[in-house]
Amino acid sequence: MAIEKEKLLSMFRTMVRIRRFEERVSSEFKAGNIPGSVHVYIGEEAIASGALAHLRTEDYIVSNHRGHGHLLAKGGDPKRAMAELFAKKTGYCLGKGGSMHIADLDIGMLGAAGIVGSGIPVATGAGLSAVMRGTDQVTACFFGDGASNIGRFHEGINLAAVWCLPVIFICENNLWAVSVPTSCSLAIHDIADRAAGYGIPGVVVDGQDVMAVHEVMGEAVARARNGGGPTLIEAKTYRYHGHFEGDAGTYRPQEEIDAWLKRDPIKLFQEKLLEMKVLTEEKAKEIDEAALAEMDEAVKFALESPFPRPEETLDNVYA
Amino acid sequence: MAQRQISYREAVAEAIIEEMTRDDRVFLMGEDIAVVGGAFGATKGILAAFGEERVMDTPISETAIVGYAVGAAMTGLRPVVEIMRCDWMTICMDEIVNQAAKMRYFTAGRPEMAMVIRTATEGGIGLGAQHSQSFEAWFAHIPGLKVVMPSTPYDVKGLLKSAIRDPNPVIFMEPIILYGTSGPVPKEDYTIPLGQADVKREGKDATIVCWGAVTSRVMNAAKMLADEGIDTEVIDIRTIRPLDIEAILASVRKTGRLVVAHEANKTGGFGAEIVAQVQEKAFDHLDAPIQRVAANDVLIPINRNLELMVLPREEQVIAGVKAVL
């Protein structure tokens, strides 16, 4: 089914905004403005942008340690996100959570996570909750290839399948779990094959092709909303940076990196949109400049925001 | 008219039924809790009362059961889940410690993390090394969790109702040996606040602080001591965290002598925390070093006689009290 022009542009804009946000994160991390461990989404933008184009504000997402892109694609505020990365009081978690704990309940973002795979049962719980409350909300759960090897993957997806819950499990297979390649951690080629073990559809998609992601997610969301239960989508992708900022990623062969860089999701989509005459060079430049300016603003906001006060340390431990 | 007597397990079920009637966001999930009413019969009748939409048997997936509860709690429901044995809480420790306990702090206090994890705890009925442990000290160590362990049918009903209404994750520990015990329980709605100790016996010579299954043995010991002319005060803390330290301090200021008794292993047990707090806050009121009465630092043997040797009995409580006099 053809995607309307506005939606195509919106997905493109989301991808560019995520890329520019993450580039600033990377440089601000190098500048020493961001504490802790930070994992950027550069190279994987097509997945969140294509998948979440189907979700409504009240739908849920459960994210992971590489979560900035999921947040922005769900409608998150780059200012509050950047401020949180800077551990400022104006951040999503009041400067106490950091990159791996951003959540925004107003837009259904149930949280990034610092523990691999932990979001999978949480997503099943959100799906159960939607059914119990009689809504047609769906939940999209993002995790990596590494998380597909942890027990929670099995327990979380199994019950979602048994209870036919409206959850879409999206495995962003970027081929590396920190320094361990999937060739050393999986005896199968496609993680999506595991869906058969739960009796649900499993789909492999090119994670660098936003329109392909959009298409498979559309089917999965329709199935979930109509009571057809969960889907496991495996998006083949690549992270351009190391696992975390500061990780040079030297364990990866250069030829592999070069091959993936040639299939940059933003470049591919831009070429496609130009060819489809949905986008012009001028318009693309305009979108990019707007994203750059927006992220400049976000950094400025974060820099100028106050740190939380010491006496706020003990707030929110208990209700 | 004599007050109605019901069992500990019936009191658990009654509390849940009352709270599910009161609030339709409350629901149950766990292994074997629905059709058979729980491995220890504490959820009997609830499926029949509320149906399978709100009372759900799950696969054997302890990790995910707590994870589902976190997701449900974040999105506005109030799950009450059961992990059949406290020993198996080890399987879902990440969900308890790193997810449930931390969500509010991460997220600027936004989600109301109202969830209860019920579990059968402690030993004494010959279930052996992987079905008899009690980890209240582990849970009490985690900011963000509340930890409750009632010792009577009256207390379990009032405290479970409070736990279900509480906006924080609560670890609700039910001593397995107590399920069949009976006591007076009002039929009407009542709650007992979390964090409020109960003076189970007043006395002036020494204070015994306890919780869980050992409480009834402490009460027996107190009677035996009374026959010898020793008048002990027994405080059942009921809630491990938040701890009602003021109730303990008030008693210690009166008696000047303290024994702490619990069924979990002595080393690193929650008794050590109470001892530490009392010496910090009431050192000048103490007339003798504080004694701890707890399980020997071994695993729980399956042999009945050996199990009885490991767990603290009246004899050890009496010896503990005599050591502080």
# chains A, B, ... in the order shown; residues from 1 in each chain; ligands from 1

$ residues_around --residues "Cys184 (chain A)" --least-positions-apart "3" --cutoff "12 Å" --atoms "only C-alpha atoms" --output "PyMOL selection string"
chain A and resi 145-146+149+175-177+179-181+187-189

$ write_last_selection --atoms "C-alpha atoms" --output "short mmCIF file (atom, residue, chain, number, x, y, z; two decimals), in the first residue's frame"
data_model
loop_
_atom_site.label_atom_id
_atom_site.label_comp_id
_atom_site.auth_asym_id
_atom_site.auth_seq_id
_atom_site.Cartn_x
_atom_site.Cartn_y
_atom_site.Cartn_z
CA ASP A 145 20.23 -9.58 19.13
CA GLY A 146 22.00 -10.02 22.48
CA ASN A 149 19.67 -15.04 24.07
CA LEU A 175 25.11 -8.35 14.59
CA TRP A 176 27.16 -7.61 17.68
CA ALA A 177 26.41 -8.05 21.38
CA SER A 179 32.14 -7.59 21.16
CA VAL A 180 30.51 -10.97 20.50
CA PRO A 181 29.20 -11.47 16.96
CA ALA A 187 23.19 -21.38 15.91
CA ILE A 188 20.53 -20.07 13.54
CA HIS A 189 20.74 -17.41 10.88
#

$ interface_residues --of "chain B" --to "chain A" --cutoff "8 Å" --atoms "only C-alpha atoms" --output "compact mmCIF listing (two decimals) with C-alpha atoms, in the first residue's frame"
# COMPACT_ATOMS: atom_id res chain seq x y z
CA GLU B 53 -9.96 -12.33 33.41
CA THR B 58 0.84 -18.44 34.41
CA PRO B 59 3.54 -20.63 32.93
CA SER B 61 8.23 -18.18 34.46
CA THR B 63 11.30 -13.87 36.02
CA ALA B 64 8.57 -12.86 33.66
CA ILE B 65 5.73 -13.01 36.20
CA GLY B 67 8.20 -8.44 34.77
CA TYR B 68 4.56 -8.64 33.64
CA ALA B 69 3.56 -7.10 36.96
CA VAL B 70 5.98 -4.21 36.42
CA GLY B 71 4.47 -3.50 32.98
CA ALA B 72 0.94 -3.78 34.31
CA MET B 74 3.32 1.11 35.09
CA THR B 75 0.20 1.24 32.96
CA GLY B 76 -2.24 1.71 35.80
CA LEU B 77 -3.17 -1.72 37.13
CA GLU B 95 12.78 -7.78 38.12
CA GLN B 99 12.86 -2.93 37.75
CA LYS B 102 13.61 1.54 40.83
CA ARG B 104 9.62 5.55 40.42
CA TYR B 105 13.08 6.92 41.07
CA PHE B 106 14.05 6.62 37.41
CA THR B 107 10.97 8.28 36.13
CA ALA B 108 10.60 11.35 38.30
CA GLY B 109 8.05 9.65 40.54
CA ARG B 110 5.48 9.28 37.78
CA PRO B 111 4.21 5.72 37.69
CA GLU B 112 2.37 4.47 40.72
CA PRO B 143 15.47 1.12 48.69
CA GLY B 144 12.11 1.28 46.95
CA LEU B 145 10.73 -1.98 48.35
CA PRO B 167 1.48 2.70 45.88
CA ASN B 168 4.89 0.98 46.20

$ residues_around --residues "region 265-272 of chain A" --least-positions-apart "5" --cutoff "10 Å" --atoms "only C-alpha atoms" --output "JSON, numbers by chain"
{"A": [8, 9, 11, 12, 13, 15, 16, 19, 42, 43, 44, 45, 46, 47, 206, 207, 208, 209, 210, 211, 237, 260, 277, 278, 279, 280, 281, 284]}

$ select_by_dssp --residues "region 74-311 of chain B" --states "strand (DSSP E or B)" --output "PyMOL selection string"
chain B and resi 78-85+115-121+146-148+169-175+182-184+198-201+206-210+232-236+239-241+258-265+291-295

$ atom_distance --atom1 "CA of Ala2 (chain A)" --atom2 "CA of Leu55 (chain A)"
17.7 Å

$ select_by_dssp --residues "region 99-190 of chain A" --states "helix (DSSP H, G or I)" --output "PyMOL selection string"
chain A and resi 99-101+105-107+119-132+146-149+151-162+182-185

$ closest_residue --among "A:Glu275, A:Glu234, A:Glu58, A:Glu84" --to "Pro306 (chain A)" --atoms "only C-alpha atoms"
A:Glu84
